[in-house]
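K.L.:
The structure file upload-v3.tsv (TSV, C-alpha atoms) is provided below.
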chain	number	residue	atom	x	y	z
A	1	MET	CA	50.26	-23.36	-46.86
A	2	ASN	CA	48.75	-26.84	-47.11
A	3	ARG	CA	48.15	-28.20	-43.57
A	4	GLU	CA	47.45	-31.82	-44.68
A	5	ALA	CA	50.65	-32.19	-46.59
A	6	SER	CA	53.06	-30.61	-44.18
A	7	PRO	CA	54.87	-32.92	-41.72
A	8	VAL	CA	53.88	-32.16	-38.11
A	9	THR	CA	56.55	-32.68	-35.55
A	10	PRO	CA	56.05	-31.93	-31.81
A	11	ALA	CA	58.31	-28.95	-32.10
A	12	SER	CA	56.54	-27.55	-35.10
A	13	ARG	CA	52.88	-28.27	-34.14
A	14	PRO	CA	50.65	-25.38	-34.91
A	15	CYS	CA	48.92	-23.75	-31.92
A	16	TRP	CA	45.39	-24.84	-32.99
A	17	VAL	CA	46.40	-28.49	-32.70
A	18	ILE	CA	47.73	-27.94	-29.19
A	19	LEU	CA	44.60	-26.05	-28.18
A	20	ASN	CA	42.27	-28.78	-29.50
A	21	ARG	CA	44.15	-31.45	-27.60
A	22	ARG	CA	44.07	-29.41	-24.44
A	23	LYS	CA	40.32	-28.90	-24.81
A	24	ARG	CA	39.71	-32.63	-25.31
A	25	ARG	CA	41.84	-33.42	-22.25
A	26	GLU	CA	39.86	-30.94	-20.12
A	27	GLN	CA	36.53	-32.39	-21.28
A	28	SER	CA	37.70	-35.88	-20.42
A	29	GLN	CA	38.86	-34.74	-16.98
A	30	HIS	CA	35.47	-33.06	-16.36
A	31	GLN	CA	33.63	-36.29	-17.32
A	32	ASP	CA	35.78	-38.27	-14.88
A	33	ASP	CA	35.08	-35.78	-12.09
A	34	PHE	CA	31.34	-35.96	-12.73
A	35	SER	CA	31.37	-39.77	-12.76
A	36	ALA	CA	33.29	-39.86	-9.50
A	37	LEU	CA	30.90	-37.41	-7.89
A	38	SER	CA	27.89	-39.38	-9.05
A	39	ALA	CA	29.36	-42.62	-7.87
A	40	THR	CA	29.89	-41.28	-4.37
A	41	SER	CA	26.50	-39.70	-3.94
A	42	CYS	CA	23.98	-41.76	-5.90
A	43	SER	CA	22.23	-45.04	-5.43
A	44	LYS	CA	23.62	-48.40	-6.55
A	45	HIS	CA	21.60	-48.28	-9.74
A	46	SER	CA	22.92	-44.84	-10.51
A	47	VAL	CA	26.49	-45.88	-9.89
A	48	LEU	CA	26.16	-48.23	-12.84
A	49	ASN	CA	24.94	-45.34	-14.92
A	50	ALA	CA	27.78	-43.19	-13.72
A	51	ARG	CA	30.35	-45.88	-14.58
A	52	ALA	CA	28.81	-46.19	-17.99
A	53	GLY	CA	29.38	-42.49	-18.49
A	54	ARG	CA	25.73	-41.53	-17.96
A	55	PRO	CA	24.93	-38.91	-15.37
A	56	CYS	CA	23.00	-39.81	-12.22
A	57	HIS	CA	19.31	-38.99	-12.69
A	58	ASP	CA	18.61	-38.44	-8.96
A	59	ARG	CA	21.28	-35.82	-8.76
A	60	ARG	CA	20.09	-34.08	-11.92
A	61	SER	CA	16.50	-33.90	-10.64
A	62	SER	CA	17.60	-32.57	-7.25
A	63	LEU	CA	19.71	-29.93	-8.98
A	64	SER	CA	16.81	-28.79	-11.17
A	65	SER	CA	14.51	-28.78	-8.14
A	66	THR	CA	16.96	-26.55	-6.26
A	67	THR	CA	17.18	-24.21	-9.23
A	68	ALA	CA	13.38	-24.02	-9.49
A	69	THR	CA	13.05	-23.34	-5.77
A	70	ARG	CA	15.65	-20.59	-5.99
A	71	GLY	CA	13.84	-19.12	-8.99
A	72	PHE	CA	10.53	-19.04	-7.17
A	73	LEU	CA	12.11	-17.61	-4.07
A	74	GLY	CA	13.56	-14.86	-6.24
A	75	MET	CA	10.17	-14.26	-7.84
A	76	LEU	CA	8.53	-14.24	-4.43
A	77	LEU	CA	10.96	-11.70	-3.02
A	78	THR	CA	10.57	-9.51	-6.10
A	79	LEU	CA	6.79	-9.70	-5.85
A	80	VAL	CA	6.77	-8.82	-2.16
A	81	ALA	CA	9.23	-5.98	-2.73
A	82	PHE	CA	7.20	-4.49	-5.55
A	83	THR	CA	3.80	-4.90	-3.92
A	84	GLY	CA	5.17	-3.39	-0.72
A	85	GLY	CA	6.27	-0.37	-2.74
A	86	CYS	CA	2.85	0.17	-4.31
A	87	GLU	CA	1.61	3.05	-2.21
A	88	THR	CA	-1.12	5.51	-2.98
A	89	VAL	CA	-1.32	8.96	-1.46
A	90	LYS	CA	-3.75	8.65	1.42
A	91	PRO	CA	-6.50	11.24	1.85
A	92	TRP	CA	-4.81	12.74	4.91
A	93	GLN	CA	-1.49	13.08	3.09
A	94	ARG	CA	-2.78	15.48	0.45
A	95	GLU	CA	-1.83	18.72	2.14
A	96	ALA	CA	0.87	19.49	-0.40
A	97	LEU	CA	-1.38	18.50	-3.30
A	98	ALA	CA	-4.19	20.72	-1.94
A	99	ASP	CA	-1.91	23.74	-1.92
A	100	PRO	CA	-3.15	26.39	-4.40
A	101	ILE	CA	0.32	26.48	-5.93
A	102	MET	CA	-0.35	22.98	-7.28
A	103	GLN	CA	-3.24	24.25	-9.43
A	104	PRO	CA	-2.28	24.58	-13.10
A	105	ASP	CA	-4.68	27.52	-13.52
A	106	ARG	CA	-4.90	30.14	-10.85
A	107	ASN	CA	-7.93	31.91	-12.28
A	108	PRO	CA	-11.04	29.69	-12.30
A	109	ILE	CA	-12.99	31.92	-14.71
A	110	ALA	CA	-10.16	31.98	-17.26
A	111	ALA	CA	-9.72	28.22	-16.83
A	112	SER	CA	-13.42	27.66	-17.50
A	113	GLN	CA	-13.32	29.78	-20.68
A	114	LEU	CA	-10.24	27.98	-21.96
A	115	GLU	CA	-11.87	24.65	-21.27
A	116	HIS	CA	-14.98	25.70	-23.15
A	117	ILE	CA	-13.01	26.82	-26.19
A	118	TYR	CA	-10.88	23.69	-26.13
A	119	THR	CA	-13.85	21.31	-26.01
A	120	SER	CA	-15.59	23.20	-28.82
A	121	ARG	CA	-12.52	23.11	-31.06
A	122	GLU	CA	-11.86	19.45	-30.34
A	123	ALA	CA	-15.48	18.53	-31.12
A	124	ALA	CA	-15.79	16.54	-27.94
A	125	THR	CA	-16.56	16.92	-24.29
A	126	GLY	CA	-13.55	17.80	-22.21
A	127	GLY	CA	-11.59	15.48	-20.05
A	128	ALA	CA	-11.82	17.72	-17.02
A	129	THR	CA	-15.37	19.03	-17.03
A	130	VAL	CA	-18.58	18.72	-19.01
A	131	GLY	CA	-18.23	20.74	-22.17
A	132	GLY	CA	-20.28	21.49	-25.25
A	133	GLY	CA	-21.25	19.29	-28.11
A	134	GLY	CA	-18.56	20.51	-30.46
A	135	CYS	CA	-20.59	22.83	-32.68
A	136	GLY	CA	-18.90	25.88	-31.21
A	137	CYS	CA	-22.21	27.59	-30.55
A	138	ASN	CA	-22.68	26.85	-26.87
B	1	MET	CA	2.84	-34.80	-7.01
B	2	SER	CA	6.63	-34.63	-7.17
B	3	ARG	CA	8.68	-32.45	-4.90
B	4	HIS	CA	9.59	-30.25	-7.84
B	5	ASN	CA	5.95	-29.58	-8.67
B	6	GLN	CA	5.13	-28.99	-5.02
B	7	SER	CA	7.75	-26.26	-4.81
B	8	ILE	CA	6.31	-24.66	-7.94
B	9	SER	CA	2.76	-24.55	-6.60
B	10	ARG	CA	3.84	-23.43	-3.13
B	11	GLY	CA	5.67	-20.26	-4.27
B	12	PRO	CA	2.67	-18.25	-5.52
B	13	LEU	CA	0.58	-19.44	-2.57
B	14	ILE	CA	3.11	-18.03	-0.10
B	15	ALA	CA	3.28	-14.79	-2.09
B	16	VAL	CA	-0.50	-14.35	-1.94
B	17	LEU	CA	-0.51	-15.09	1.79
B	18	LEU	CA	2.21	-12.51	2.39
B	19	ILE	CA	0.27	-9.88	0.44
B	20	ILE	CA	-2.87	-10.63	2.48
B	21	VAL	CA	-0.88	-10.33	5.71
B	22	GLN	CA	0.55	-7.01	4.55
B	23	GLY	CA	-2.92	-5.68	3.83
B	24	SER	CA	-4.46	-6.92	7.06
B	25	CYS	CA	-1.79	-5.11	9.09
B	26	LEU	CA	-3.31	-1.83	7.87
B	27	ALA	CA	-6.95	-2.70	8.41
B	28	ALA	CA	-9.26	0.30	8.72
B	29	LEU	CA	-11.64	0.95	11.57
B	30	LYS	CA	-15.11	-0.26	10.76
B	31	ALA	CA	-18.53	-0.36	12.32
B	32	GLY	CA	-18.62	-2.77	15.24
B	33	ASP	CA	-14.96	-2.22	16.20
B	34	SER	CA	-14.04	-0.77	19.55
B	35	LEU	CA	-12.62	2.73	19.62
B	36	PRO	CA	-8.87	2.50	20.25
B	37	ASP	CA	-7.44	4.32	23.25
B	38	LEU	CA	-6.96	7.87	21.98
B	39	THR	CA	-4.33	8.67	24.59
B	40	SER	CA	-1.97	6.12	23.05
B	41	PHE	CA	-1.63	8.13	19.83
B	42	LYS	CA	0.14	11.14	21.41
B	43	LEU	CA	-2.31	13.68	20.10
B	44	GLU	CA	-1.44	17.34	20.52
B	45	GLY	CA	-4.00	19.13	22.65
B	46	LYS	CA	-6.17	18.15	25.56
B	47	LEU	CA	-8.63	15.32	25.19
B	48	PRO	CA	-11.88	15.44	27.19
B	49	ASP	CA	-11.49	14.06	30.70
B	50	GLN	CA	-14.47	11.77	30.43
B	51	LEU	CA	-15.04	9.79	27.25
B	52	LYS	CA	-16.42	6.63	28.82
B	53	GLY	CA	-20.18	6.41	28.61
B	54	GLN	CA	-20.37	9.31	26.14
B	55	VAL	CA	-21.57	9.33	22.58
B	56	ILE	CA	-18.49	10.47	20.66
B	57	LEU	CA	-18.29	12.13	17.28
B	58	LEU	CA	-14.69	11.67	16.17
B	59	ASP	CA	-14.06	13.90	13.18
B	60	PHE	CA	-10.93	13.84	11.03
B	61	TRP	CA	-10.34	17.17	9.35
B	62	ALA	CA	-7.65	19.45	7.92
B	63	SER	CA	-7.39	23.16	7.30
B	64	TRP	CA	-6.59	22.52	3.61
B	65	CYS	CA	-9.81	20.55	3.14
B	66	ALA	CA	-12.76	22.76	2.17
B	67	PRO	CA	-15.58	20.34	3.11
B	68	CYS	CA	-13.89	19.74	6.47
B	69	LYS	CA	-13.98	23.46	7.19
B	70	SER	CA	-17.61	23.75	6.12
B	71	SER	CA	-18.55	21.04	8.62
B	72	PHE	CA	-17.36	23.08	11.61
B	73	PRO	CA	-20.42	25.35	12.00
B	74	ALA	CA	-22.70	22.28	11.88
B	75	MET	CA	-20.58	20.48	14.47
B	76	GLN	CA	-20.59	23.56	16.70
B	77	GLU	CA	-24.39	23.56	16.56
B	78	LEU	CA	-24.50	19.86	17.43
B	79	HIS	CA	-22.11	20.45	20.30
B	80	ALA	CA	-24.21	23.29	21.68
B	81	LYS	CA	-27.39	21.25	21.35
B	82	TYR	CA	-26.30	17.84	22.65
B	83	LYS	CA	-23.26	18.32	24.91
B	84	ASP	CA	-25.38	18.23	28.06
B	85	LYS	CA	-27.15	15.09	26.90
B	86	GLY	CA	-23.89	13.18	26.57
B	87	LEU	CA	-22.38	14.03	23.17
B	88	THR	CA	-18.65	14.70	22.98
B	89	ILE	CA	-17.13	15.94	19.76
B	90	VAL	CA	-13.44	15.32	19.19
B	91	ALA	CA	-12.11	16.96	16.04
B	92	VAL	CA	-8.75	15.50	15.03
B	93	SER	CA	-6.70	17.72	12.76
B	94	VAL	CA	-4.27	16.01	10.41
B	95	ASP	CA	-2.51	19.25	9.48
B	96	GLU	CA	1.21	18.85	9.15
B	97	LYS	CA	1.77	22.49	10.14
B	98	PRO	CA	0.17	23.50	13.45
B	99	GLU	CA	0.09	27.15	12.39
B	100	ASN	CA	-2.37	26.32	9.60
B	101	MET	CA	-4.71	24.65	12.08
B	102	LYS	CA	-4.35	27.56	14.51
B	103	ALA	CA	-5.08	30.15	11.80
B	104	PHE	CA	-8.32	28.36	10.92
B	105	LEU	CA	-9.39	27.93	14.54
B	106	ASP	CA	-8.69	31.61	15.19
B	107	ALA	CA	-11.08	32.50	12.38
B	108	VAL	CA	-13.76	29.92	13.29
B	109	LYS	CA	-14.30	29.83	17.02
B	110	VAL	CA	-15.45	26.45	18.24
B	111	THR	CA	-15.95	25.22	21.78
B	112	PHE	CA	-15.65	21.49	21.23
B	113	CYS	CA	-12.42	19.57	21.63
B	114	VAL	CA	-9.86	19.96	18.84
B	115	VAL	CA	-6.60	18.03	18.88
B	116	ARG	CA	-3.88	17.52	16.29
B	117	ASP	CA	-2.64	14.16	15.13
B	118	SER	CA	0.90	15.40	14.55
B	119	GLY	CA	2.31	12.00	13.69
B	120	GLN	CA	-0.79	11.06	11.67
B	121	LYS	CA	-0.86	7.80	13.57
B	122	LEU	CA	-4.49	7.83	14.61
B	123	VAL	CA	-5.69	8.73	11.13
B	124	ALA	CA	-3.48	6.04	9.65
B	125	ALA	CA	-4.88	3.51	12.13
B	126	ALA	CA	-8.40	4.58	11.21
B	127	ASP	CA	-7.42	4.56	7.52
B	128	VAL	CA	-10.12	7.06	6.67
B	129	PRO	CA	-11.40	6.75	3.10
B	130	THR	CA	-11.71	10.47	2.48
B	131	MET	CA	-11.47	13.86	4.11
B	132	PRO	CA	-13.44	14.63	6.16
B	133	THR	CA	-14.46	11.40	7.80
B	134	SER	CA	-16.44	11.33	11.02
B	135	ILE	CA	-17.01	8.32	13.22
B	136	LEU	CA	-19.92	8.01	15.61
B	137	ILE	CA	-19.22	5.93	18.69
B	138	ASP	CA	-21.93	4.77	21.06
B	139	ARG	CA	-21.86	4.85	24.85
B	140	THR	CA	-20.26	1.41	25.06
B	141	GLY	CA	-17.29	2.53	22.98
B	142	LYS	CA	-18.30	0.70	19.81
B	143	ILE	CA	-18.05	2.34	16.42
B	144	ARG	CA	-21.57	2.54	15.02
B	145	ILE	CA	-21.55	4.78	11.95
B	146	ILE	CA	-18.82	6.13	9.70
B	147	HIS	CA	-19.53	9.19	7.56
B	148	ALA	CA	-17.22	9.75	4.61
B	149	GLY	CA	-17.33	13.32	3.30
B	150	PHE	CA	-19.64	16.10	4.34
B	151	ASP	CA	-22.72	17.45	2.64
B	152	ALA	CA	-23.98	20.50	4.53
B	153	ASN	CA	-27.68	19.65	4.53
B	154	GLU	CA	-27.78	15.91	4.14
B	155	THR	CA	-24.98	14.96	6.55
B	156	THR	CA	-26.22	17.35	9.25
B	157	LYS	CA	-29.69	15.77	9.12
B	158	GLN	CA	-28.13	12.33	9.40
B	159	TYR	CA	-25.98	13.46	12.33
B	160	VAL	CA	-29.02	14.72	14.24
B	161	LYS	CA	-30.99	11.55	13.62
B	162	GLU	CA	-28.12	9.21	14.52
B	163	ILE	CA	-26.91	11.18	17.54
B	164	GLU	CA	-30.42	11.29	19.00
B	165	GLN	CA	-30.74	7.56	18.49
B	166	LEU	CA	-27.40	6.85	20.19
B	167	LEU	CA	-28.14	9.23	23.05
B	168	GLY	CA	-31.44	7.44	23.59
B	169	GLU	CA	-29.70	4.13	24.18
B	170	PRO	CA	-29.20	3.09	27.82
B	171	LYS	CA	-25.89	3.84	29.50
B	172	PRO	CA	-23.63	0.80	30.11
When written as structure tokens, how does the structure in this file appear?
P.N.:
Amino acid sequence: MNREASPVTPASRPCWVILNRRKRREQSQHQDDFSALSATSCSKHSVLNARAGRPCHDRRSSLSSTTATRGFLGMLLTLVAFTGGCETVKPWQREALADPIMQPDRNPIAASQLEHIYTSREAATGGATVGGGGCGCN
Amino acid sequence: MSRHNQSISRGPLIAVLLIIVQGSCLAALKAGDSLPDLTSFKLEGKLPDQLKGQVILLDFWASWCAPCKSSFPAMQELHAKYKDKGLTIVAVSVDEKPENMKAFLDAVKVTFCVVRDSGQKLVAAADVPTMPTSILIDRTGKIRIIHAGFDANETTKQYVKEIEQLLGEPKP
């Protein structure tokens, strides 16, 4: 159907036309509200701007300042919350960690042999203890 | 500087200050500080009646800590040697289970004062860097030396030297 050619009567307006008009009307209303708000709260110089359809600069800067302050307050609270939660296990709190059940290897001799074999095979000194040079002969 | 920029620069500054305040609330005991009142920490066990004017060896230990246990014979020797000259040893256990402390003390008989910091408040106030940690306090109640860890030969020699020096100082 050709939209340009067809006669548009109020009764037969397509919905997209109605929606566009409504949108334009809402935008215009919003602009009027903003101008009125600026005119009541800004300086004389800004009132002229507001009447000319330009937003009040004082108000805009105060709004951005408030947003920045809120942002930094949020960052500050987050920082304090996270740094407060950074806790290490204190030396006197290691009773549970010192329990023999926490040891991965119960037998120290077997653990030492396994470590020796591991470091030899990996051709490097071990991460846990001092191992051999990697030749497999020590 | 505009107000907007001021608010930007002030945020991190306040954050850093808050972090410093948090850290300073948990400051550890250090040489030169006065020994806090031990009775205020609700320690389990009987503290010596007279601590004022004594040289005090305050030792933080636990039954699960091997070097702590190995320090007990040395401390018993020090106690036997210097108790009449004015040395008082107070061993503070940080064991969470009193039965563990009791089992160790049943095996190793000591005659110096042993108490338990059941709430771990004293040890937290002292913020000891390691286990064991022993603090030597002079006759005026000032912390003089802090020993972190225990080496059977080296630390015992240091104890003897330092205790004799502190005992030789005039009474307040």
K.L.:
Could you tell me how far atom CA of B:Val90 sits from atom CA of B:Cys113, in Å to one decimal place?
P.N.:
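Here the two named atoms are 5.0 Å from each other.
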K.L.:
At a cut-off of 6 Å, list the chain A residues touching chain B, using all atoms listed in the file, as a ChimeraX atom specification.
P.N.:
/A:65,72,76,91
K.L.:
For a test of reading the model, state the distance in Å between atom CA of B:Leu136 and atom CA of B:Ile56, rounded to one decimal.
P.N.:
5.8 Å
K.L.:
Calculate how many Å separate atom CA of B:Met75 from atom CA of A:Leu97, rounding to one decimal.
P.N.:
26.2 Å
K.L.:
Using the atoms already present, construct all heavy atoms for stretch 44-55 of chain B and hand them back as a PDB file, in the frame of the given file.
P.N.:
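Final output, out_3.pdb:
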ATOM      1  N   GLU B  44      -1.736  16.003  19.971  1.00  0.00           N
ATOM      2  CA  GLU B  44      -1.440  17.340  20.520  1.00  0.00           C
ATOM      3  C   GLU B  44      -2.748  17.992  20.930  1.00  0.00           C
ATOM      4  O   GLU B  44      -3.693  18.053  20.126  1.00  0.00           O
ATOM      5  CB  GLU B  44      -0.769  18.202  19.439  1.00  0.00           C
ATOM      6  CG  GLU B  44       0.721  17.967  19.314  1.00  0.00           C
ATOM      7  CD  GLU B  44       1.345  18.882  18.287  1.00  0.00           C
ATOM      8  OE1 GLU B  44       0.722  19.910  17.924  1.00  0.00           O
ATOM      9  OE2 GLU B  44       2.449  18.567  17.825  1.00  0.00           O
ATOM     10  N   GLY B  45      -2.783  18.505  22.145  1.00  0.00           N
ATOM     11  CA  GLY B  45      -4.000  19.130  22.650  1.00  0.00           C
ATOM     12  C   GLY B  45      -4.598  18.278  23.746  1.00  0.00           C
ATOM     13  O   GLY B  45      -4.156  17.147  23.995  1.00  0.00           O
ATOM     14  N   LYS B  46      -5.594  18.839  24.390  1.00  0.00           N
ATOM     15  CA  LYS B  46      -6.170  18.150  25.560  1.00  0.00           C
ATOM     16  C   LYS B  46      -7.439  17.401  25.156  1.00  0.00           C
ATOM     17  O   LYS B  46      -8.373  17.998  24.602  1.00  0.00           O
ATOM     18  CB  LYS B  46      -6.496  19.189  26.628  1.00  0.00           C
ATOM     19  CG  LYS B  46      -6.840  18.567  27.970  1.00  0.00           C
ATOM     20  CD  LYS B  46      -7.046  19.640  29.027  1.00  0.00           C
ATOM     21  CE  LYS B  46      -7.347  19.042  30.392  1.00  0.00           C
ATOM     22  NZ  LYS B  46      -8.494  18.171  30.413  1.00  0.00           N
ATOM     23  N   LEU B  47      -7.426  16.133  25.440  1.00  0.00           N
ATOM     24  CA  LEU B  47      -8.630  15.320  25.190  1.00  0.00           C
ATOM     25  C   LEU B  47      -9.616  15.526  26.333  1.00  0.00           C
ATOM     26  O   LEU B  47      -9.202  15.873  27.452  1.00  0.00           O
ATOM     27  CB  LEU B  47      -8.242  13.839  25.100  1.00  0.00           C
ATOM     28  CG  LEU B  47      -7.560  13.385  23.812  1.00  0.00           C
ATOM     29  CD1 LEU B  47      -6.948  12.001  23.991  1.00  0.00           C
ATOM     30  CD2 LEU B  47      -8.542  13.361  22.656  1.00  0.00           C
ATOM     31  N   PRO B  48     -10.892  15.324  26.100  1.00  0.00           N
ATOM     32  CA  PRO B  48     -11.880  15.440  27.190  1.00  0.00           C
ATOM     33  C   PRO B  48     -11.541  14.452  28.310  1.00  0.00           C
ATOM     34  O   PRO B  48     -11.063  13.338  28.055  1.00  0.00           O
ATOM     35  CB  PRO B  48     -13.207  15.074  26.511  1.00  0.00           C
ATOM     36  CG  PRO B  48     -12.975  15.300  25.065  1.00  0.00           C
ATOM     37  CD  PRO B  48     -11.534  15.025  24.811  1.00  0.00           C
ATOM     38  N   ASP B  49     -11.805  14.906  29.550  1.00  0.00           N
ATOM     39  CA  ASP B  49     -11.490  14.060  30.700  1.00  0.00           C
ATOM     40  C   ASP B  49     -12.313  12.780  30.703  1.00  0.00           C
ATOM     41  O   ASP B  49     -11.818  11.713  31.040  1.00  0.00           O
ATOM     42  CB  ASP B  49     -11.737  14.846  31.996  1.00  0.00           C
ATOM     43  CG  ASP B  49     -10.800  16.047  32.100  1.00  0.00           C
ATOM     44  OD1 ASP B  49      -9.658  15.920  31.617  1.00  0.00           O
ATOM     45  OD2 ASP B  49     -11.216  17.098  32.622  1.00  0.00           O
ATOM     46  N   GLN B  50     -13.562  12.921  30.351  1.00  0.00           N
ATOM     47  CA  GLN B  50     -14.470  11.770  30.430  1.00  0.00           C
ATOM     48  C   GLN B  50     -14.977  11.408  29.032  1.00  0.00           C
ATOM     49  O   GLN B  50     -15.733  12.170  28.423  1.00  0.00           O
ATOM     50  CB  GLN B  50     -15.648  12.108  31.347  1.00  0.00           C
ATOM     51  CG  GLN B  50     -16.563  10.951  31.647  1.00  0.00           C
ATOM     52  CD  GLN B  50     -15.864   9.811  32.394  1.00  0.00           C
ATOM     53  OE1 GLN B  50     -14.948  10.026  33.178  1.00  0.00           O
ATOM     54  NE2 GLN B  50     -16.285   8.590  32.121  1.00  0.00           N
ATOM     55  N   LEU B  51     -14.529  10.290  28.538  1.00  0.00           N
ATOM     56  CA  LEU B  51     -15.040   9.790  27.250  1.00  0.00           C
ATOM     57  C   LEU B  51     -15.903   8.540  27.438  1.00  0.00           C
ATOM     58  O   LEU B  51     -16.747   8.230  26.602  1.00  0.00           O
ATOM     59  CB  LEU B  51     -13.880   9.460  26.296  1.00  0.00           C
ATOM     60  CG  LEU B  51     -13.181  10.645  25.640  1.00  0.00           C
ATOM     61  CD1 LEU B  51     -11.978  10.180  24.837  1.00  0.00           C
ATOM     62  CD2 LEU B  51     -14.125  11.413  24.722  1.00  0.00           C
ATOM     63  N   LYS B  52     -15.682   7.873  28.566  1.00  0.00           N
ATOM     64  CA  LYS B  52     -16.420   6.630  28.820  1.00  0.00           C
ATOM     65  C   LYS B  52     -17.895   6.948  29.071  1.00  0.00           C
ATOM     66  O   LYS B  52     -18.224   7.855  29.841  1.00  0.00           O
ATOM     67  CB  LYS B  52     -15.822   5.908  30.026  1.00  0.00           C
ATOM     68  CG  LYS B  52     -16.178   4.453  30.101  1.00  0.00           C
ATOM     69  CD  LYS B  52     -15.427   3.762  31.229  1.00  0.00           C
ATOM     70  CE  LYS B  52     -15.814   2.297  31.280  1.00  0.00           C
ATOM     71  NZ  LYS B  52     -15.156   1.607  32.391  1.00  0.00           N
ATOM     72  N   GLY B  53     -18.737   6.220  28.416  1.00  0.00           N
ATOM     73  CA  GLY B  53     -20.180   6.410  28.610  1.00  0.00           C
ATOM     74  C   GLY B  53     -20.758   7.543  27.784  1.00  0.00           C
ATOM     75  O   GLY B  53     -21.955   7.821  27.864  1.00  0.00           O
ATOM     76  N   GLN B  54     -19.922   8.198  26.988  1.00  0.00           N
ATOM     77  CA  GLN B  54     -20.370   9.310  26.140  1.00  0.00           C
ATOM     78  C   GLN B  54     -20.607   8.814  24.712  1.00  0.00           C
ATOM     79  O   GLN B  54     -19.980   7.846  24.273  1.00  0.00           O
ATOM     80  CB  GLN B  54     -19.311  10.406  26.106  1.00  0.00           C
ATOM     81  CG  GLN B  54     -19.037  11.068  27.441  1.00  0.00           C
ATOM     82  CD  GLN B  54     -20.049  12.157  27.762  1.00  0.00           C
ATOM     83  OE1 GLN B  54     -20.247  13.064  26.984  1.00  0.00           O
ATOM     84  NE2 GLN B  54     -20.706  12.041  28.904  1.00  0.00           N
ATOM     85  N   VAL B  55     -21.486   9.525  24.026  1.00  0.00           N
ATOM     86  CA  VAL B  55     -21.570   9.330  22.580  1.00  0.00           C
ATOM     87  C   VAL B  55     -20.519  10.259  21.972  1.00  0.00           C
ATOM     88  O   VAL B  55     -20.490  11.451  22.269  1.00  0.00           O
ATOM     89  CB  VAL B  55     -22.988   9.692  22.052  1.00  0.00           C
ATOM     90  CG1 VAL B  55     -23.005   9.689  20.534  1.00  0.00           C
ATOM     91  CG2 VAL B  55     -24.013   8.711  22.590  1.00  0.00           C
TER      92      VAL B  55
END
